[in-house]
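Asker: Just one file: upload.txt, with compact mmCIF, C-alpha atoms.
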```
# COMPACT_ATOMS: atom_id res chain seq x y z
CA MET M 1 0.00 0.00 0.00
CA LEU M 2 1.40 3.39 -0.95
CA GLY M 3 2.47 5.53 2.00
CA GLN M 4 2.97 2.62 4.40
CA HIS M 5 6.46 3.84 5.37
CA PHE M 6 5.01 7.00 6.93
CA ASN M 7 4.24 6.71 10.64
CA GLU M 8 1.89 9.69 10.74
CA PRO M 9 -1.54 8.82 9.30
CA ARG M 10 -1.94 12.35 7.99
CA TYR M 11 1.18 11.95 5.81
CA TYR M 12 -0.25 8.75 4.43
CA ASN M 13 -3.53 10.48 3.65
CA TYR M 14 -1.85 13.34 1.81
CA PHE M 15 0.31 10.99 -0.27
CA ASP M 16 -2.58 8.67 -1.00
CA LEU M 17 -4.78 11.58 -2.06
CA PHE M 18 -2.03 12.93 -4.34
CA PHE M 19 -1.64 9.49 -5.93
CA LYS M 20 -5.36 9.01 -6.48
CA GLN M 21 -6.21 12.54 -7.60
CA SER M 22 -3.24 13.24 -9.87
CA GLN M 23 -4.26 14.14 -13.42
CA ASP M 24 -1.13 12.41 -14.69
CA ALA M 25 -1.04 8.64 -14.94
CA ILE M 26 1.21 7.21 -12.19
CA SER M 27 2.25 3.57 -12.25
CA VAL M 28 4.85 1.27 -10.68
CA PHE M 29 6.41 -1.75 -12.38
CA ASP M 30 8.77 -4.42 -11.07
CA LEU M 31 12.06 -5.34 -12.73
CA GLU M 32 10.28 -7.86 -14.97
CA ASN M 33 7.91 -5.13 -16.19
CA ARG M 34 4.94 -6.53 -14.31
CA VAL M 35 2.43 -3.96 -13.09
CA ILE M 36 2.56 -3.39 -9.31
CA THR M 37 0.06 -0.55 -9.02
CA GLY M 38 -1.41 2.44 -10.80
CA ASN M 39 -3.67 5.37 -10.07
CA PRO M 40 -7.13 6.10 -11.55
CA ALA M 41 -5.57 8.38 -14.20
CA PHE M 42 -3.44 5.43 -15.32
CA GLU M 43 -6.53 3.26 -15.72
CA LYS M 44 -8.33 6.00 -17.63
CA LEU M 45 -5.42 6.77 -19.94
CA TYR M 46 -4.58 3.20 -20.92
CA GLY M 47 -8.03 1.63 -20.63
CA TRP M 48 -6.88 -1.18 -18.33
CA SER M 49 -8.32 -1.70 -14.86
CA LEU M 50 -5.91 -2.54 -12.04
CA GLU M 51 -7.72 -5.83 -11.54
CA GLU M 52 -6.82 -6.77 -15.11
CA CYS M 53 -3.17 -5.78 -15.12
CA VAL M 54 -1.65 -5.97 -11.61
CA GLY M 55 0.94 -8.75 -11.64
CA GLU M 56 0.77 -9.03 -15.42
CA LYS M 57 3.29 -8.14 -18.14
CA ILE M 58 1.27 -5.98 -20.51
CA GLN M 59 2.62 -4.15 -23.54
CA PHE M 60 1.54 -0.52 -23.18
CA TYR M 61 3.27 0.50 -26.43
CA PRO M 62 3.21 -0.53 -30.10
CA ASP M 63 5.66 -3.09 -31.48
CA SER M 64 7.67 -0.32 -33.15
CA GLU M 65 8.69 0.96 -29.68
CA ILE M 66 9.96 -2.34 -28.21
CA GLU M 67 13.65 -1.61 -28.77
CA LYS M 68 13.42 1.88 -27.29
CA VAL M 69 11.52 0.58 -24.23
CA GLU M 70 14.18 -2.08 -23.62
CA GLN M 71 16.93 0.55 -23.80
CA ARG M 72 15.13 2.76 -21.28
CA CYS M 73 14.60 -0.17 -18.92
CA GLU M 74 18.33 -0.93 -18.97
CA LEU M 75 19.11 2.66 -17.99
CA LEU M 76 16.57 2.49 -15.16
CA LYS M 77 18.09 -0.76 -13.87
CA GLN M 78 21.42 1.07 -13.73
CA GLY M 79 19.83 3.64 -11.41
CA MET M 80 19.33 6.43 -13.95
CA SER M 81 16.22 8.62 -14.04
CA LEU M 82 14.70 9.82 -17.32
CA ALA M 83 12.61 13.01 -17.39
CA ASN M 84 10.03 14.10 -19.98
CA GLU M 85 10.83 11.42 -22.52
CA ARG M 86 8.72 11.77 -25.68
CA VAL M 87 7.20 8.34 -26.34
CA THR M 88 4.50 6.58 -28.33
CA GLU M 89 2.05 4.58 -26.20
CA GLN M 90 -0.85 2.21 -26.85
CA ARG M 91 -4.18 1.79 -25.09
CA LYS M 92 -6.04 -1.45 -24.43
CA ASP M 93 -8.22 -0.88 -27.51
CA GLY M 94 -5.12 -0.59 -29.70
CA SER M 95 -5.31 3.18 -30.23
CA ILE M 96 -1.99 5.04 -30.30
CA PHE M 97 -1.21 8.30 -28.53
CA GLN M 98 1.80 10.52 -27.91
CA ALA M 99 2.99 11.00 -24.33
CA GLU M 100 5.71 12.39 -22.13
CA ILE M 101 6.97 10.05 -19.42
CA SER M 102 9.21 10.70 -16.45
CA MET M 103 10.78 7.42 -15.27
CA THR M 104 12.48 6.91 -11.92
CA PRO M 105 14.07 3.81 -10.36
CA ILE M 106 12.90 2.85 -6.85
CA PHE M 107 15.64 1.65 -4.49
CA ASN M 108 15.47 -0.69 -1.49
CA ASP M 109 17.37 -0.21 1.80
CA GLN M 110 20.48 -1.75 0.21
CA ASP M 111 20.41 0.92 -2.51
CA GLU M 112 19.45 -1.65 -5.12
CA VAL M 113 16.89 -0.96 -7.84
CA MET M 114 13.74 -2.88 -6.94
CA ALA M 115 11.08 -1.25 -9.17
CA PHE M 116 10.36 1.56 -11.62
CA SER M 117 7.89 4.43 -11.29
CA TYR M 118 6.32 6.13 -14.31
CA VAL M 119 4.50 9.45 -14.55
CA THR M 120 2.77 9.64 -17.93
CA ARG M 121 1.09 12.63 -19.55
CA ASP M 122 -0.92 12.42 -22.77
CA ILE M 123 0.35 15.21 -25.04
CA THR M 124 -1.63 14.34 -28.17
CA SER M 125 -3.84 17.44 -27.84
CA ARG M 126 -0.85 19.67 -27.16
CA LEU M 127 0.96 18.39 -30.24
CA GLN M 128 -2.19 18.93 -32.30
CA LEU M 129 -2.42 22.52 -31.07
CA GLU M 130 1.23 23.09 -31.95
CA GLN M 131 0.65 21.60 -35.39
CA ASN M 132 -2.42 23.79 -35.92
CA LYS M 133 -0.41 26.86 -34.92
CA LEU M 134 2.31 26.01 -37.44
CA GLU M 135 -0.30 25.44 -40.15
CA ILE M 136 -1.93 28.80 -39.43
CA GLU M 137 1.44 30.56 -39.63
CA ARG M 138 2.23 28.79 -42.89
CA LEU M 139 -1.16 29.71 -44.36
CA GLN M 140 -0.70 33.34 -43.33
CA THR M 141 2.71 33.44 -45.02
CA MET M 142 1.30 31.77 -48.10
CA SER M 143 -1.55 34.30 -48.21
CA MET M 144 0.90 37.22 -48.19
CA ILE M 145 2.92 35.70 -51.02
CA ALA M 146 -0.24 34.86 -52.96
CA ALA M 147 -1.45 38.47 -52.82
CA VAL M 148 1.80 39.77 -54.33
CA VAL M 149 2.14 37.04 -56.96
CA ALA M 150 -1.50 37.26 -58.08
CA HIS M 151 -1.24 41.04 -58.52
CA GLU M 152 2.05 40.91 -60.43
CA VAL M 153 0.89 38.11 -62.74
CA ARG M 154 -2.66 39.24 -63.43
CA ASN M 155 -1.75 42.66 -64.88
CA PRO M 156 0.49 41.43 -67.74
CA MET M 157 -1.76 38.41 -68.33
CA THR M 158 -4.70 40.73 -68.99
CA ALA M 159 -2.83 42.39 -71.85
CA ILE M 160 -1.64 39.06 -73.27
CA THR M 161 -5.16 37.62 -73.13
CA GLY M 162 -6.53 40.58 -75.08
CA PHE M 163 -4.00 40.24 -77.88
CA ILE M 164 -4.48 36.45 -78.13
CA GLN M 165 -8.25 36.88 -78.42
CA MET M 166 -7.76 39.44 -81.20
CA MET M 167 -5.47 37.03 -83.07
CA ASN M 168 -7.98 34.17 -82.76
CA GLN M 169 -10.73 36.40 -84.16
CA ASP M 170 -8.57 37.35 -87.17
CA SER M 171 -9.62 35.12 -90.11
CA THR M 172 -6.24 35.73 -91.80
CA ASN M 173 -4.22 34.54 -88.81
CA PRO M 174 -1.97 31.71 -90.11
CA TYR M 175 -1.19 30.50 -86.58
CA THR M 176 -4.74 30.00 -85.28
CA SER M 177 -4.04 26.44 -84.07
CA PHE M 178 -1.16 27.76 -81.95
CA THR M 179 -2.90 30.84 -80.62
CA GLN M 180 -5.92 28.74 -79.61
CA VAL M 181 -3.65 26.52 -77.53
CA MET M 182 -2.10 29.66 -76.04
CA GLU M 183 -5.55 30.94 -75.11
CA MET M 184 -6.40 27.66 -73.36
CA GLU M 185 -3.16 27.75 -71.39
CA ILE M 186 -3.70 31.40 -70.46
CA LYS M 187 -7.12 30.44 -69.07
CA ARG M 188 -5.37 27.85 -66.92
CA VAL M 189 -2.91 30.47 -65.66
CA ASN M 190 -5.80 32.82 -64.88
CA GLN M 191 -7.49 30.05 -62.91
CA ILE M 192 -4.36 29.61 -60.82
CA VAL M 193 -4.18 33.35 -60.25
CA SER M 194 -7.85 33.35 -59.20
CA ASP M 195 -7.12 30.55 -56.72
CA PHE M 196 -4.17 32.54 -55.41
CA LEU M 197 -6.46 35.52 -54.87
CA ILE M 198 -8.75 33.32 -52.76
CA LEU M 199 -5.72 32.41 -50.64
CA SER M 200 -4.81 36.07 -50.22
CA LYS M 201 -8.24 37.21 -49.04
CA PRO M 202 -10.04 36.52 -45.76
CA THR M 203 -12.71 33.85 -46.23
CA LEU M 204 -14.76 34.86 -43.19
CA HIS M 205 -16.26 37.95 -44.85
CA ASN M 206 -19.99 38.73 -44.70
CA PRO M 207 -20.69 36.01 -42.10
CA SER M 208 -24.26 34.99 -41.34
CA TYR M 209 -26.21 32.25 -39.60
CA PHE M 210 -27.11 29.37 -41.90
CA SER M 211 -28.10 25.74 -41.68
CA ILE M 212 -25.17 23.34 -41.97
CA THR M 213 -27.69 20.53 -42.40
CA ASP M 214 -29.33 22.18 -45.42
CA THR M 215 -25.94 23.12 -46.88
CA LEU M 216 -24.79 19.50 -46.76
CA LYS M 217 -28.03 18.21 -48.24
CA THR M 218 -27.79 20.75 -51.08
CA ALA M 219 -24.22 19.67 -51.87
CA ILE M 220 -25.30 16.02 -51.97
CA GLU M 221 -28.19 16.81 -54.34
CA GLU M 222 -25.94 18.72 -56.73
CA PHE M 223 -23.54 15.77 -56.97
CA GLN M 224 -26.21 13.10 -57.18
CA GLU M 225 -26.40 12.96 -60.99
CA ASP M 226 -22.62 12.63 -61.35
CA PHE M 227 -22.56 9.90 -58.69
CA GLU M 228 -25.26 7.93 -60.46
CA LEU M 229 -23.29 7.98 -63.74
CA ARG M 230 -20.46 6.12 -62.01
CA ASN M 231 -22.75 3.99 -59.87
CA ILE M 232 -21.44 5.66 -56.70
CA VAL M 233 -23.71 5.29 -53.69
CA LEU M 234 -23.66 8.18 -51.22
CA SER M 235 -25.17 7.54 -47.79
CA SER M 236 -25.65 10.30 -45.23
CA THR M 237 -26.35 10.53 -41.51
CA PHE M 238 -27.63 13.66 -39.78
CA PRO M 239 -28.66 14.39 -36.19
CA GLU M 240 -32.37 14.91 -35.55
CA GLN M 241 -31.95 18.58 -34.73
CA GLU M 242 -31.05 21.04 -37.48
CA LEU M 243 -27.58 22.49 -36.96
CA THR M 244 -26.95 26.21 -37.48
CA PHE M 245 -23.51 27.76 -37.94
CA TYR M 246 -22.20 31.33 -38.05
CA GLY M 247 -19.77 31.84 -40.92
CA ASN M 248 -19.46 32.31 -44.66
CA GLN M 249 -21.75 29.80 -46.33
CA SER M 250 -20.28 30.09 -49.84
CA SER M 251 -16.76 29.44 -48.53
CA LEU M 252 -17.83 26.33 -46.63
CA LYS M 253 -19.75 25.15 -49.70
CA GLN M 254 -16.52 25.45 -51.65
CA VAL M 255 -14.79 23.15 -49.15
CA LEU M 256 -17.60 20.58 -49.36
CA TYR M 257 -17.59 20.62 -53.15
CA ASN M 258 -13.81 20.24 -53.22
CA VAL M 259 -13.85 17.25 -50.87
CA LEU M 260 -16.79 15.57 -52.65
CA THR M 261 -15.10 16.16 -56.03
CA ASN M 262 -11.92 14.52 -54.72
CA SER M 263 -13.93 11.51 -53.51
CA TYR M 264 -15.71 11.33 -56.87
CA ASP M 265 -12.41 11.44 -58.77
CA ALA M 266 -10.90 8.76 -56.51
CA ILE M 267 -13.67 6.27 -57.42
CA GLU M 268 -13.69 5.03 -60.99
CA GLN M 269 -16.86 2.95 -60.77
CA ASN M 270 -19.10 1.18 -58.25
CA GLY M 271 -17.93 2.86 -55.07
CA SER M 272 -19.43 4.37 -51.97
CA ILE M 273 -19.19 7.63 -50.06
CA CYS M 274 -20.41 8.02 -46.48
CA LEU M 275 -21.16 11.52 -45.20
CA SER M 276 -22.06 12.12 -41.57
CA LEU M 277 -22.71 15.17 -39.40
CA ASN M 278 -21.84 14.54 -35.76
CA LEU M 279 -22.46 16.67 -32.68
CA ARG M 280 -19.96 16.82 -29.83
CA GLU M 281 -19.79 18.79 -26.59
CA ASP M 282 -18.75 22.16 -28.03
CA THR M 283 -17.96 21.28 -31.67
CA PHE M 284 -19.48 19.45 -34.60
CA SER M 285 -17.75 17.42 -37.29
CA ILE M 286 -18.46 16.66 -40.92
CA ARG M 287 -16.99 13.31 -41.92
CA ILE M 288 -16.71 12.29 -45.58
CA GLN M 289 -15.36 8.79 -46.20
CA ASP M 290 -14.88 7.12 -49.57
CA ASP M 291 -13.62 3.71 -50.68
CA GLY M 292 -11.63 5.08 -53.61
CA GLU M 293 -8.02 4.45 -54.52
CA GLY M 294 -6.68 6.26 -51.45
CA MET M 295 -3.24 7.80 -51.08
CA ASP M 296 0.16 6.54 -50.01
CA ASN M 297 2.07 8.28 -47.20
CA ASP M 298 4.20 10.31 -49.62
CA THR M 299 1.13 11.75 -51.36
CA LEU M 300 -0.57 12.40 -48.03
CA GLU M 301 2.43 14.38 -46.77
CA LYS M 302 2.40 16.56 -49.92
CA LEU M 303 -1.34 17.21 -49.78
CA TYR M 304 -0.97 20.86 -48.76
CA MET M 305 2.04 21.67 -50.93
CA PRO M 306 1.25 24.41 -53.48
CA PHE M 307 0.77 23.09 -57.04
CA PHE M 308 1.04 19.43 -56.00
CA SER M 309 -1.81 17.49 -57.59
CA THR M 310 -2.48 13.89 -58.59
CA LYS M 311 -4.92 15.14 -61.24
CA ALA M 312 -3.77 16.00 -64.75
CA GLU M 313 -5.87 19.17 -64.82
CA GLY M 314 -5.53 20.08 -61.16
CA THR M 315 -3.94 23.33 -59.96
CA GLY M 316 -2.77 21.81 -56.68
CA LEU M 317 -4.37 24.61 -54.64
CA GLY M 318 -7.75 23.10 -53.78
CA MET M 319 -6.78 21.49 -50.47
CA ILE M 320 -4.73 24.51 -49.37
CA ILE M 321 -7.71 26.78 -50.00
CA SER M 322 -10.02 24.36 -48.18
CA LYS M 323 -7.64 24.24 -45.23
CA LYS M 324 -7.45 28.04 -45.10
CA ILE M 325 -11.24 28.39 -45.17
CA ILE M 326 -11.67 25.96 -42.28
CA VAL M 327 -8.85 27.54 -40.26
CA ASP M 328 -10.39 31.00 -40.84
CA HIS M 329 -13.58 29.57 -39.29
CA LYS M 330 -11.60 28.42 -36.21
CA GLY M 331 -11.83 24.78 -37.22
CA THR M 332 -9.62 21.90 -38.29
CA LEU M 333 -9.45 19.78 -41.44
CA GLU M 334 -7.87 16.33 -41.17
CA VAL M 335 -7.25 13.78 -43.90
CA ASP M 336 -6.60 10.07 -43.29
CA SER M 337 -5.96 7.77 -46.20
CA LEU M 338 -4.71 4.30 -47.08
CA GLN M 339 -3.79 3.32 -50.60
CA SER M 340 -6.32 0.92 -52.18
CA VAL M 341 -8.57 1.34 -49.12
CA GLY M 342 -9.93 4.89 -49.25
CA THR M 343 -9.82 8.35 -47.74
CA THR M 344 -11.58 10.00 -44.80
CA VAL M 345 -11.83 13.78 -44.46
CA THR M 346 -12.95 15.16 -41.09
CA ILE M 347 -13.91 18.82 -40.76
CA THR M 348 -14.37 20.01 -37.17
CA LEU M 349 -15.93 23.41 -36.40
CA PRO M 350 -17.05 25.16 -33.19
CA LEU M 351 -20.71 25.11 -32.24
CA THR M 352 -22.47 28.48 -32.34
CA ASP M 353 -25.78 29.70 -30.95
CA ASN M 354 -28.86 28.83 -32.96
CA PRO M 355 -30.93 32.03 -33.43
CA LEU M 356 -32.88 30.57 -36.33
CA HIS M 357 -34.99 28.38 -34.02
```
Please render this file's structure as structure tokens.
Answerer:
Amino acid sequence: MLGQHFNEPRYYNYFDLFFKQSQDAISVFDLENRVITGNPAFEKLYGWSLEECVGEKIQFYPDSEIEKVEQRCELLKQGMSLANERVTEQRKDGSIFQAEISMTPIFNDQDEVMAFSYVTRDITSRLQLEQNKLEIERLQTMSMIAAVVAHEVRNPMTAITGFIQMMNQDSTNPYTSFTQVMEMEIKRVNQIVSDFLILSKPTLHNPSYFSITDTLKTAIEEFQEDFELRNIVLSSTFPEQELTFYGNQSSLKQVLYNVLTNSYDAIEQNGSICLSLNLREDTFSIRIQDDGEGMDNDTLEKLYMPFFSTKAEGTGLGMIISKKIIVDHKGTLEVDSLQSVGTTVTITLPLTDNPLH
């Protein structure tokens, strides 16, 4: 029992209360890595009850971490303490999370290591916040560059476009086939410039209250004909109550259309797309999952790189613009994908008051 070495009951009570009420997971293991004890935060974090794991050797980390864990255990057996080690841990249900662990050897009266103590803190949310902050800074920098580039390119392109159109309208032009190709390519450049202008402008202009539920249903209806041509089945799930959001409806529509278009393009024939709207405590999420070709890790990492696209006619700015729109609305956009399995896009936004009801 923890605190049994203290003679004064009040010391025992304080230590026992600290152990039980700590928000960090505290656990003790023997030299064979069997669980000796743990506090309620330990049970909550890892999903194991003490009754299940005391006296057992349980792997609280994925297989990829085995070598690192063994190295740390050797250092602990030598009497070394390790503070704030960044580690990857695993819960009972198999889910992975990032943590910081402070590890300390426990000595007996002969100054020999007899056990190890661990104080574990889940830092997944903190890392996500740091990542979001970096993404916001990157988007802000990109927006500044986009404003300058779009302005400098659009002015000369306007003059070039005018002359090319005049040449194409000239019946005596001997190079019509070439100038027509030039006009097509100029249109492509202008589209890129237009996308850049979207990046350079705030997307949360003229905000209003609107129904997210109706917006999603409208997007589904507008894609329905295209889906039917490829025999793509789209299923949707909505909460009973209508959900209202305060923001720029046209911008959020653009994100939905971009994501649904990507799902459509990823499925050649006979596929499925699942769209769901889910309410949480103070946020809601829009989840769009398809069983298309998916993406490998390399493609996934390049998803927000300017001008990177897997489509022959793509500008490579669609996902960056979508990310910026969601970030401007104080939300997050996450993409998970496995090649030959499919892709899941999750858009999370803050709940707002509902004055329309």
Asker: Go through M:Asn270, M:Ser95, M:Tyr118, M:Gln59 one by one, measure the shortest atom-to-atom distance of each to M:Ala83 using only C-alpha atoms, and give the residue with the smallest value.
Answerer: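 Of the candidates, the smallest distance to M:Ala83 is held by M:Tyr118.
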Asker: Could you check the closest approach to M:Thr158 for each of M:Val193, M:Val54, M:Ile36, M:Cys274 and tell me which residue wins, using only C-alpha atoms?
Answerer: M:Val193
Asker: Pick out the closest residue to M:Lys253 from this set: M:Asp290, M:Asp265, M:Asp214, M:Glu281. Count only C-alpha atoms.
Answerer: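 Among the listed residues, M:Asp214 lies closest to M:Lys253.
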Asker: Using Å and a single decimal, report how far atom CA of M:Glu268 sits from atom CA of M:Asp296.
Answerer: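 Here the two named atoms are 17.7 Å from each other.
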Asker: Need to verify the contact set: M:Ala115, 10 Å, only C-alpha atoms, exclusion of same-chain residues closer than 2 positions in sequence. Can you return it as a list of chain:residue names?
Answerer: M:Val28, M:Phe29, M:Asp30, M:Leu31, M:Glu32, M:Asn33, M:Arg34, M:Val35, M:Ile36, M:Leu76, M:Lys77, M:Thr104, M:Pro105, M:Ile106, M:Phe107, M:Asn108, M:Glu112, M:Val113, M:Ser117
Asker: Write out as a VMD selection string each polymer residue whose atoms come within 9 Å of M:Asn231, counting only C-alpha atoms; drop sequence neighbours fewer than 4 positions from it.
Answerer: chain M and resid 226 to 227 269 to 272
Asker: Find the residues near M:Gln249: any atom within 9 Å, counting only C-alpha atoms, skip ones fewer than 3 places away on the same chain, and give them as a VMD selection string.
Answerer: chain M and resid 207 to 212 215 245 to 246 252 to 254
Asker: Is it possible to get the residues within 12 Å of (-3.8, 28.6, -78.3) (coordinates as in the file, counting only C-alpha atoms) written as a PyMOL selection string?
Answerer: chain M and resi 160-161+163-169+175-188
